[in-house]
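Visitor: For reference, this is input_3.txt, and it has compact mmCIF, C-alpha atoms.
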# COMPACT_ATOMS: atom_id res chain seq x y z
CA MET A 1 116.81 84.00 139.32
CA LEU A 2 116.00 87.66 138.76
CA SER A 3 116.72 88.55 142.41
CA SER A 4 120.11 86.81 142.31
CA ARG A 5 121.06 88.84 139.26
CA LEU A 6 119.92 91.98 141.05
CA TRP A 7 122.03 91.42 144.16
CA ARG A 8 125.12 90.75 142.07
CA LEU A 9 124.72 94.15 140.47
CA LEU A 10 124.16 96.09 143.70
CA PRO A 11 127.27 96.99 145.86
CA LEU A 12 125.77 95.34 148.98
CA ARG A 13 126.00 92.19 151.08
CA ARG A 14 124.11 90.76 154.00
CA GLY A 15 125.64 90.65 157.50
CA ALA A 16 125.17 87.91 160.09
CA HIS A 17 121.81 89.32 161.15
CA GLY A 18 120.52 89.70 157.61
CA SER A 19 120.90 93.48 157.55
CA VAL A 20 122.20 95.23 154.46
CA CYS A 21 125.88 96.25 154.73
CA PRO A 22 128.29 98.19 152.53
CA LEU A 23 130.97 95.91 151.08
CA ALA A 24 133.73 98.04 152.68
CA ARG A 25 133.40 97.49 156.43
CA PRO A 26 133.56 100.69 158.51
CA ARG A 27 136.09 100.62 161.38
CA GLY A 28 134.66 99.94 164.81
CA SER A 29 131.66 98.11 163.46
CA ARG A 30 133.04 94.74 164.77
CA GLY A 31 132.15 93.11 161.49
CA HIS A 32 128.47 93.95 161.72
CA CYS A 33 126.31 96.81 160.62
CA GLY A 34 124.70 98.14 163.74
CA ALA A 35 122.38 101.09 163.80
CA ARG A 36 125.02 103.05 165.73
CA GLY A 37 128.52 101.99 164.56
CA SER A 38 130.84 104.82 165.69
CA LEU A 39 132.69 105.47 162.40
CA GLY A 40 129.95 103.87 160.34
CA SER A 41 127.38 106.37 161.55
CA GLU A 42 129.75 109.24 160.85
CA VAL A 43 130.36 108.06 157.28
CA ILE A 44 126.81 106.95 156.46
CA GLY A 45 124.84 109.08 158.83
CA ASN A 46 121.16 108.10 159.03
CA THR A 47 120.93 104.73 157.27
CA ARG A 48 117.15 104.82 156.70
CA PRO A 49 117.25 107.12 153.62
CA PHE A 50 120.16 105.01 152.33
CA LYS A 51 118.13 101.81 152.70
CA ARG A 52 115.13 103.44 151.05
CA GLY A 53 117.39 104.46 148.15
CA LEU A 54 118.63 100.92 147.77
CA LEU A 55 115.09 99.57 147.88
CA PHE A 56 114.02 102.10 145.24
CA SER A 57 116.98 101.07 143.04
CA ALA A 58 116.04 97.41 143.39
CA LEU A 59 112.42 98.07 142.53
CA SER A 60 113.43 100.25 139.60
CA TYR A 61 115.62 97.47 138.24
CA LEU A 62 112.84 94.93 138.73
CA GLY A 63 110.40 97.30 137.04
CA PHE A 64 112.73 97.77 134.07
CA GLU A 65 113.19 94.02 133.62
CA THR A 66 109.43 93.49 133.87
CA TYR A 67 108.87 96.27 131.31
CA GLN A 68 111.31 94.59 128.92
CA VAL A 69 109.58 91.22 129.27
CA ILE A 70 106.13 92.76 128.75
CA SER A 71 107.32 94.84 125.80
CA GLN A 72 108.84 91.81 124.09
CA ALA A 73 105.65 89.84 124.68
CA ALA A 74 103.59 92.71 123.27
CA VAL A 75 105.71 92.80 120.10
CA VAL A 76 105.33 89.05 119.62
CA HIS A 77 101.58 89.32 120.23
CA ALA A 78 101.23 92.23 117.80
CA THR A 79 103.19 90.37 115.12
CA ALA A 80 101.03 87.28 115.60
CA LYS A 81 97.90 89.41 115.33
CA VAL A 82 99.08 91.03 112.08
CA GLU A 83 99.81 87.60 110.61
CA GLU A 84 96.33 86.47 111.58
CA VAL A 85 94.74 89.53 109.94
CA LEU A 86 96.77 88.98 106.76
CA GLU A 87 95.61 85.36 106.58
CA GLN A 88 91.98 86.44 106.97
CA ALA A 89 92.46 89.17 104.36
CA ASP A 90 93.96 86.79 101.80
CA TYR A 91 91.16 84.30 102.36
CA LEU A 92 88.50 86.97 101.81
CA TYR A 93 90.30 88.25 98.71
CA GLU A 94 90.51 84.78 97.17
CA SER A 95 86.83 84.27 98.01
CA GLY A 96 85.84 87.50 96.24
CA GLU A 97 84.43 89.00 99.46
CA THR A 98 85.35 92.57 98.50
CA GLU A 99 83.25 94.46 101.02
CA LYS A 100 84.02 92.15 103.96
CA LEU A 101 87.71 92.47 103.14
CA TYR A 102 87.51 96.26 103.14
CA GLN A 103 85.62 96.27 106.46
CA LEU A 104 88.24 94.00 108.02
CA LEU A 105 91.26 95.99 106.87
CA THR A 106 89.93 99.49 107.60
CA GLN A 107 90.01 98.56 111.29
CA TYR A 108 93.81 98.63 110.93
CA LYS A 109 94.21 101.71 108.73
CA GLU A 110 96.63 103.26 111.26
CA SER A 111 98.92 100.23 111.02
CA GLU A 112 102.62 100.64 110.22
CA ASP A 113 102.82 97.22 108.56
CA ALA A 114 103.64 97.46 104.82
CA GLU A 115 101.99 94.13 103.99
CA LEU A 116 98.75 95.19 105.61
CA LEU A 117 98.81 98.66 104.02
CA TRP A 118 99.17 97.52 100.41
CA ARG A 119 96.32 95.08 100.95
CA LEU A 120 94.25 97.95 102.26
CA ALA A 121 95.12 99.99 99.15
CA ARG A 122 93.98 97.07 97.00
CA ALA A 123 90.76 96.65 98.97
CA SER A 124 89.94 100.37 98.74
CA ARG A 125 90.49 100.29 94.98
CA ASP A 126 88.36 97.15 94.58
CA ILE A 127 85.47 98.85 96.38
CA ALA A 128 85.90 101.87 94.10
CA GLN A 129 85.60 99.58 91.06
CA LEU A 130 82.22 98.15 92.08
CA SER A 131 79.35 99.25 89.81
CA ARG A 132 77.19 100.23 92.78
CA THR A 133 79.85 102.66 94.11
CA SER A 134 78.87 106.25 93.31
CA GLU A 135 81.27 108.53 91.42
CA GLU A 136 81.75 110.69 94.51
CA GLU A 137 82.56 107.66 96.69
CA LYS A 138 84.84 106.25 93.99
CA LYS A 139 86.97 109.40 93.93
CA VAL A 140 87.37 109.35 97.72
CA LEU A 141 88.33 105.67 97.66
CA VAL A 142 90.85 106.16 94.83
CA TYR A 143 92.73 108.85 96.76
CA GLU A 144 92.43 106.82 99.96
CA ALA A 145 93.98 103.83 98.20
CA LEU A 146 96.89 105.95 96.97
CA GLU A 147 97.62 107.14 100.51
CA TYR A 148 97.72 103.56 101.83
CA ALA A 149 99.95 102.44 98.96
CA LYS A 150 102.30 105.36 99.53
CA ARG A 151 102.62 104.53 103.23
CA SER A 152 103.23 100.88 102.40
CA LEU A 153 106.09 101.82 100.08
CA GLU A 154 107.58 104.17 102.67
CA LYS A 155 107.59 101.35 105.21
CA ASN A 156 109.19 98.78 102.90
CA GLU A 157 110.80 99.74 99.60
CA SER A 158 111.78 96.11 99.05
CA SER A 159 108.15 95.00 98.79
CA PHE A 160 107.29 94.23 95.17
CA ALA A 161 103.56 94.43 96.04
CA ALA A 162 104.00 97.92 97.51
CA HIS A 163 105.61 99.10 94.24
CA LYS A 164 102.88 97.43 92.20
CA TRP A 165 99.96 98.93 94.10
CA TYR A 166 101.56 102.34 94.32
CA ALA A 167 101.82 102.37 90.51
CA ILE A 168 98.21 101.18 90.12
CA CYS A 169 96.88 103.82 92.50
CA ILE A 170 98.85 106.64 90.84
CA SER A 171 97.32 105.56 87.54
CA ASP A 172 93.81 105.71 89.01
CA VAL A 173 94.35 109.19 90.45
CA GLY A 174 95.42 110.41 87.00
CA ASP A 175 91.80 110.08 85.86
CA TYR A 176 90.94 113.01 88.14
CA GLU A 177 93.94 115.26 87.52
CA GLY A 178 93.97 115.91 83.78
CA ILE A 179 95.95 114.74 80.78
CA LYS A 180 99.17 116.56 81.71
CA VAL A 181 99.41 114.91 85.13
CA LYS A 182 98.36 111.57 83.70
CA ILE A 183 101.12 111.60 81.10
CA ALA A 184 103.71 112.82 83.64
CA ASN A 185 102.68 110.05 86.03
CA ALA A 186 103.18 107.46 83.28
CA TYR A 187 106.96 107.59 83.77
CA ILE A 188 106.54 106.97 87.53
CA ILE A 189 104.06 104.16 86.93
CA LYS A 190 106.37 102.38 84.51
CA GLU A 191 109.32 102.73 86.91
CA HIS A 192 107.40 101.09 89.78
CA PHE A 193 106.02 98.27 87.63
CA GLU A 194 109.53 97.52 86.41
CA LYS A 195 110.80 97.58 90.01
CA ALA A 196 108.03 95.19 91.07
CA ILE A 197 109.01 92.77 88.29
CA GLU A 198 112.67 93.07 89.24
CA LEU A 199 111.89 92.27 92.89
CA ASN A 200 109.60 89.38 91.97
CA PRO A 201 109.88 88.13 88.37
CA LYS A 202 107.37 85.37 89.18
CA ASP A 203 104.52 87.76 89.95
CA ALA A 204 102.25 87.45 86.91
CA THR A 205 100.12 90.47 87.80
CA SER A 206 103.07 92.89 87.76
CA ILE A 207 104.04 91.60 84.31
CA HIS A 208 100.41 91.85 83.16
CA LEU A 209 100.21 95.45 84.37
CA MET A 210 103.36 96.34 82.47
CA GLY A 211 101.56 94.92 79.43
CA ILE A 212 98.58 97.18 80.11
CA TRP A 213 100.94 100.17 80.31
CA CYS A 214 102.31 99.29 76.86
CA TYR A 215 98.81 98.63 75.44
CA THR A 216 97.54 101.97 76.76
CA PHE A 217 100.28 104.00 75.08
CA ALA A 218 100.09 101.99 71.88
CA GLU A 219 96.36 102.78 71.79
CA MET A 220 96.71 106.47 72.73
CA PRO A 221 94.50 108.68 70.51
CA TRP A 222 96.23 111.04 68.07
CA TYR A 223 95.14 114.19 69.95
CA GLN A 224 96.66 112.91 73.18
CA ARG A 225 99.87 112.10 71.36
CA ARG A 226 99.97 115.66 70.07
CA ILE A 227 99.43 117.06 73.57
CA ALA A 228 102.14 114.75 74.92
CA LYS A 229 104.62 115.97 72.32
CA VAL A 230 103.87 119.58 73.22
CA LEU A 231 104.24 118.97 76.96
CA PHE A 232 107.19 116.58 76.97
CA ALA A 233 110.31 116.30 74.86
CA ASN A 234 110.14 112.49 75.00
CA PRO A 235 106.55 111.45 75.74
CA PRO A 236 105.93 107.85 76.80
CA SER A 237 105.19 105.47 73.94
CA SER A 238 104.91 101.77 73.22
CA THR A 239 103.61 99.23 70.68
CA TYR A 240 101.06 96.42 70.58
CA GLU A 241 103.91 93.97 69.97
CA GLU A 242 105.54 95.03 73.22
CA ALA A 243 102.24 94.71 75.08
CA LEU A 244 101.71 91.25 73.61
CA LYS A 245 105.14 90.19 74.87
CA TYR A 246 104.23 91.08 78.48
CA PHE A 247 100.77 89.44 78.31
CA HIS A 248 102.31 86.19 77.05
CA ARG A 249 105.08 86.37 79.64
CA ALA A 250 102.48 86.74 82.41
CA GLU A 251 100.59 83.73 81.05
CA GLN A 252 103.78 81.66 81.01
CA VAL A 253 104.53 82.55 84.63
CA ASP A 254 100.99 81.66 85.81
CA PRO A 255 98.62 80.18 83.18
CA ASN A 256 94.97 81.33 83.39
CA PHE A 257 95.72 83.48 86.47
CA TYR A 258 93.48 86.37 85.42
CA SER A 259 90.54 86.73 83.06
CA LYS A 260 91.65 90.21 81.96
CA ASN A 261 95.02 88.92 80.75
CA LEU A 262 93.17 86.48 78.47
CA LEU A 263 90.90 89.26 77.23
CA LEU A 264 93.81 91.58 76.49
CA LEU A 265 95.68 88.88 74.61
CA GLY A 266 92.60 88.60 72.40
CA LYS A 267 92.23 92.37 72.01
CA THR A 268 95.92 92.86 71.23
CA TYR A 269 95.77 90.21 68.49
CA LEU A 270 92.73 92.04 67.10
CA LYS A 271 94.78 95.23 66.97
CA LEU A 272 97.44 93.29 65.06
CA ASN A 273 94.77 91.89 62.68
CA ASN A 274 95.34 88.30 63.73
CA LYS A 275 91.70 87.14 64.02
CA LYS A 276 92.51 83.47 64.51
CA LEU A 277 94.62 84.00 67.64
CA ALA A 278 92.27 86.77 68.79
CA ALA A 279 89.35 84.31 68.71
CA PHE A 280 91.38 81.71 70.61
CA TRP A 281 92.14 84.03 73.55
CA LEU A 282 88.72 85.69 73.58
CA ALA A 283 87.07 82.27 73.82
CA LYS A 284 89.28 81.50 76.84
CA ALA A 285 88.27 84.79 78.44
CA LYS A 286 84.58 84.10 77.80
CA GLY A 287 84.85 80.65 79.39
CA TYR A 288 86.83 81.82 82.41
CA PRO A 289 85.01 81.00 85.73
CA ALA A 290 83.48 84.23 87.08
CA HIS A 291 84.58 84.73 90.70
CA THR A 292 84.26 88.51 90.77
CA GLU A 293 82.16 91.25 89.22
CA GLU A 294 85.11 92.09 86.97
CA ASP A 295 85.22 88.50 85.68
CA LYS A 296 81.55 88.79 84.69
CA GLN A 297 82.19 92.07 82.85
CA ILE A 298 85.13 90.47 81.01
CA GLN A 299 82.99 87.48 79.99
CA THR A 300 80.43 89.88 78.50
CA GLU A 301 83.05 91.93 76.62
CA ALA A 302 84.76 88.80 75.27
CA ALA A 303 81.42 87.45 74.03
CA GLN A 304 80.64 90.74 72.25
CA LEU A 305 84.05 90.80 70.56
CA LEU A 306 83.66 87.19 69.43
CA THR A 307 80.28 88.01 67.93
CA GLY A 308 81.88 90.79 65.89
CA LEU A 309 84.57 88.54 64.39
What do you get writing this file as structure tokens?

Guide:
Amino acid sequence: MLSSRLWRLLPLRRGAHGSVCPLARPRGSRGHCGARGSLGSEVIGNTRPFKRGLLFSALSYLGFETYQVISQAAVVHATAKVEEVLEQADYLYESGETEKLYQLLTQYKESEDAELLWRLARASRDIAQLSRTSEEEKKVLVYEALEYAKRSLEKNESSFAAHKWYAICISDVGDYEGIKVKIANAYIIKEHFEKAIELNPKDATSIHLMGIWCYTFAEMPWYQRRIAKVLFANPPSSTYEEALKYFHRAEQVDPNFYSKNLLLLGKTYLKLNNKKLAAFWLAKAKGYPAHTEEDKQIQTEAAQLLTGL
């Protein structure tokens, strides 16, 4: 099939003896292409270089078609491989296999796939959060996570997860860059959380994180507020009521999706002096099944807060 397409494209035809002939017959050739046609030899000259040129053209065309087929197959194979890696990564994440997940994804740290890169940012951050990770290693991992998240966002600005993890990683980096940078980054963080929610209003974690943003600025110490007012004309601010709204909204989207959302509902009600509802949500956080190290820490904190009520 490929050869028939090739011959249709080349300006040649076969004579009675199977030799290759120009479509325009030279005079005196008697209908055939002999090695010594009188006018044919004058026009064409030595036909061997001409034949070699035609053969080279044919092989070049065949090579190009083969290259296209191989390239397309390689793309399909690469896509299939990425999908397979993503499935493995999601399984390990749901299983709480933090270190295995990080080891898997770092093999693909040069990837250009946005979905893989934001997962790698998440995995790097999760390793940084482990209690056995040293402070020096944690700092390296935090900046590493930000770089992966940034690349993910550059590859796909329509990915809600890329916006979400970029905001999370910028927030983490702020812990190493001082109060001025941290407050300045707050505007960027809020913008990306809001974009993530806009792109996927059913993602409970993005809504939860917006609640944390509000809780953080509602809880900001007086001295930081003073610094913020000196540095910025309109420093970021929020209220516990606004935080509570986001935590409840996240719970409505996906009930019991995250132990920390339950804990923060309890803590926010404590800030608002509603002990009854605070106890309700703290009890839920304490009884939440511990799948990760963070879940265990939240269970402990919830139990301590309940004891103090």

Visitor: Report, in Å to a single decimal, how far apart CA of Pro289 in chain A and CA of Pro255 in chain A are.

Guide: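 These atoms are spaced 13.9 Å apart.
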
Visitor: Take CA of Ala233 in chain A and CA of Lys182 in chain A and report the distance between them in Å, one decimal.

Guide: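 Distance between the two atoms: 15.6 Å.
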
Visitor: State, in Å with one decimal place, the distance from CA of Ser131 in chain A to CA of Glu293 in chain A.

Guide: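 Separation between CA of Ser131 in chain A and CA of Glu293 in chain A: 8.5 Å.
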
Visitor: Using only C-alpha atoms, find the one residue out of A:Glu241, A:Glu84, A:Glu157, A:Glu194 that sits nearest to Leu116 in chain A.

Guide: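 For Leu116 in chain A, the nearest of the candidates is A:Glu84.
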
Visitor: I'd like a table as a Markdown table: residues in range 136-247 of chain A with an atom no more than 12 Å from range 100-105 of chain A, each row giving the shortest atom pair and its distance in Å to one decimal, only C-alpha atoms counted, sorted by chain and rising residue number.

Guide:
| residue | atom | partner | partner_atom | distance |
| --- | --- | --- | --- | --- |
| A:Leu141 | CA | A:Tyr102 | CA | 10.9 |
| A:Ala145 | CA | A:Tyr102 | CA | 11.1 |
| A:Tyr148 | CA | A:Leu105 | CA | 11.2 |

Visitor: Measuring atom to atom with all atoms listed in the file, identify which of A:Leu309, A:Ile188, A:Ala161, A:Ile298 is nearest to Asn274 in chain A.

Guide: A:Leu309

Visitor: Measuring atom to atom with only C-alpha atoms, identify which of A:Glu136, A:Glu115, A:Glu198, A:Glu94 is nearest to Ala162 in chain A.

Guide: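 Using only C-alpha atoms, Ala162 in chain A sits closest to A:Glu115.
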
Visitor: Would you mind listing what lies within 10 Å of Glu191 in chain A as a list of chain:residue names, with all atoms listed in the file counted and same-chain residues fewer than 6 positions away left out?

Guide: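 Selected residues are A:His163, A:Lys164, A:Ala167, A:Asn185, A:Met210.
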
Visitor: Choose the residue, out of A:Asp295, A:Asp175, A:Leu263, A:Leu117, that has the smallest atom-to-atom separation from Asn156 in chain A; count all atoms listed in the file.

Guide: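 Counting all atoms listed in the file, the residue closest to Asn156 in chain A is A:Leu117.
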
Visitor: Could you give me, as a list in words, the residues within 7 Å of range 242-251 of chain A, counting only C-alpha atoms and dropping anything in the same chain fewer than 2 positions from it?

Guide: Ala204, Thr205, Ile207, His208, Met210, Gly211, Ile212, Cys214, Tyr215, Ser238, Thr239, Tyr240, Val253, Asp254, Pro255, Asn256, Asn261, Leu265 and Thr268 of chain A

Visitor: Could you list as a list in words every residue that has an atom within 9 Å of (89.7, 85.2, 70.4), using the file's coordinates and counting all atoms listed in the file?

Guide: Leu262, Leu263, Leu265, Gly266, Lys267, Tyr269, Leu270, Lys275, Lys276, Leu277, Ala278, Ala279, Phe280, Trp281, Leu282, Ala283, Lys284, Ala285, Ala302, Leu305, Leu306 and Leu309 of chain A

Visitor: Neighbours of range 220-228 of chain A within 8 Å (all atoms listed in the file; same-chain residues fewer than 6 positions away dropped), as a list of chain:residue names?

Guide: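 After dropping sequence-adjacent residues, the list is A:Ile179, A:Lys180, A:Ile183, A:Pro235.
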
Visitor: Need a file for range 151-171 of chain A from that block: N, CA, C and O atoms, written as a short mmCIF file (atom, residue, chain, number, x, y, z; two decimals), in the first residue's frame.

Guide:
data_model
loop_
_atom_site.label_atom_id
_atom_site.label_comp_id
_atom_site.auth_asym_id
_atom_site.auth_seq_id
_atom_site.Cartn_x
_atom_site.Cartn_y
_atom_site.Cartn_z
N ARG A 151 6.12 24.46 37.63
CA ARG A 151 6.21 23.85 36.30
C ARG A 151 4.87 23.26 35.88
O ARG A 151 4.47 23.34 34.72
N SER A 152 4.16 22.66 36.83
CA SER A 152 2.85 22.10 36.54
C SER A 152 1.89 23.19 36.07
O SER A 152 1.17 23.00 35.08
N LEU A 153 1.90 24.33 36.74
CA LEU A 153 1.02 25.43 36.39
C LEU A 153 1.39 26.02 35.03
O LEU A 153 0.51 26.39 34.24
N GLU A 154 2.68 26.08 34.74
CA GLU A 154 3.14 26.59 33.44
C GLU A 154 2.66 25.68 32.31
O GLU A 154 2.35 26.16 31.21
N LYS A 155 2.60 24.38 32.58
CA LYS A 155 2.20 23.42 31.55
C LYS A 155 0.69 23.42 31.32
O LYS A 155 0.23 23.13 30.22
N ASN A 156 -0.07 23.71 32.39
CA ASN A 156 -1.53 23.68 32.25
C ASN A 156 -2.19 24.63 33.25
O ASN A 156 -2.43 24.26 34.40
N GLU A 157 -2.51 25.82 32.79
CA GLU A 157 -3.13 26.82 33.65
C GLU A 157 -4.61 26.52 33.91
O GLU A 157 -5.24 27.19 34.73
N SER A 158 -5.15 25.53 33.23
CA SER A 158 -6.54 25.14 33.44
C SER A 158 -6.69 24.02 34.46
O SER A 158 -7.79 23.53 34.69
N SER A 159 -5.58 23.60 35.04
CA SER A 159 -5.61 22.54 36.04
C SER A 159 -5.88 23.12 37.42
O SER A 159 -5.06 23.88 37.96
N PHE A 160 -7.01 22.79 38.00
CA PHE A 160 -7.33 23.30 39.34
C PHE A 160 -6.32 22.81 40.37
O PHE A 160 -5.94 23.54 41.29
N ALA A 161 -5.85 21.56 40.20
CA ALA A 161 -4.89 20.99 41.15
C ALA A 161 -3.54 21.71 41.08
O ALA A 161 -2.87 21.88 42.09
N ALA A 162 -3.15 22.13 39.87
CA ALA A 162 -1.90 22.88 39.73
C ALA A 162 -1.98 24.21 40.48
O ALA A 162 -1.04 24.62 41.17
N HIS A 163 -3.12 24.90 40.37
CA HIS A 163 -3.32 26.16 41.11
C HIS A 163 -3.30 25.91 42.62
O HIS A 163 -2.67 26.65 43.38
N LYS A 164 -3.97 24.86 43.03
CA LYS A 164 -4.05 24.53 44.45
C LYS A 164 -2.67 24.26 45.05
O LYS A 164 -2.31 24.84 46.09
N TRP A 165 -1.91 23.40 44.39
CA TRP A 165 -0.60 23.03 44.95
C TRP A 165 0.43 24.13 44.80
O TRP A 165 1.34 24.24 45.61
N TYR A 166 0.29 24.96 43.81
CA TYR A 166 1.17 26.12 43.70
C TYR A 166 0.94 27.05 44.89
O TYR A 166 1.89 27.53 45.52
N ALA A 167 -0.32 27.28 45.23
CA ALA A 167 -0.65 28.14 46.39
C ALA A 167 -0.13 27.53 47.69
O ALA A 167 0.45 28.24 48.53
N ILE A 168 -0.31 26.23 47.86
CA ILE A 168 0.16 25.55 49.08
C ILE A 168 1.68 25.68 49.20
O ILE A 168 2.20 25.99 50.28
N CYS A 169 2.37 25.45 48.11
CA CYS A 169 3.84 25.47 48.15
C CYS A 169 4.39 26.87 48.37
O CYS A 169 5.41 27.04 49.05
N ILE A 170 3.74 27.90 47.82
CA ILE A 170 4.15 29.28 48.08
C ILE A 170 3.99 29.59 49.56
O ILE A 170 4.84 30.24 50.18
N SER A 171 2.91 29.10 50.14
CA SER A 171 2.67 29.31 51.57
C SER A 171 3.78 28.68 52.40
O SER A 171 4.28 29.29 53.36
#
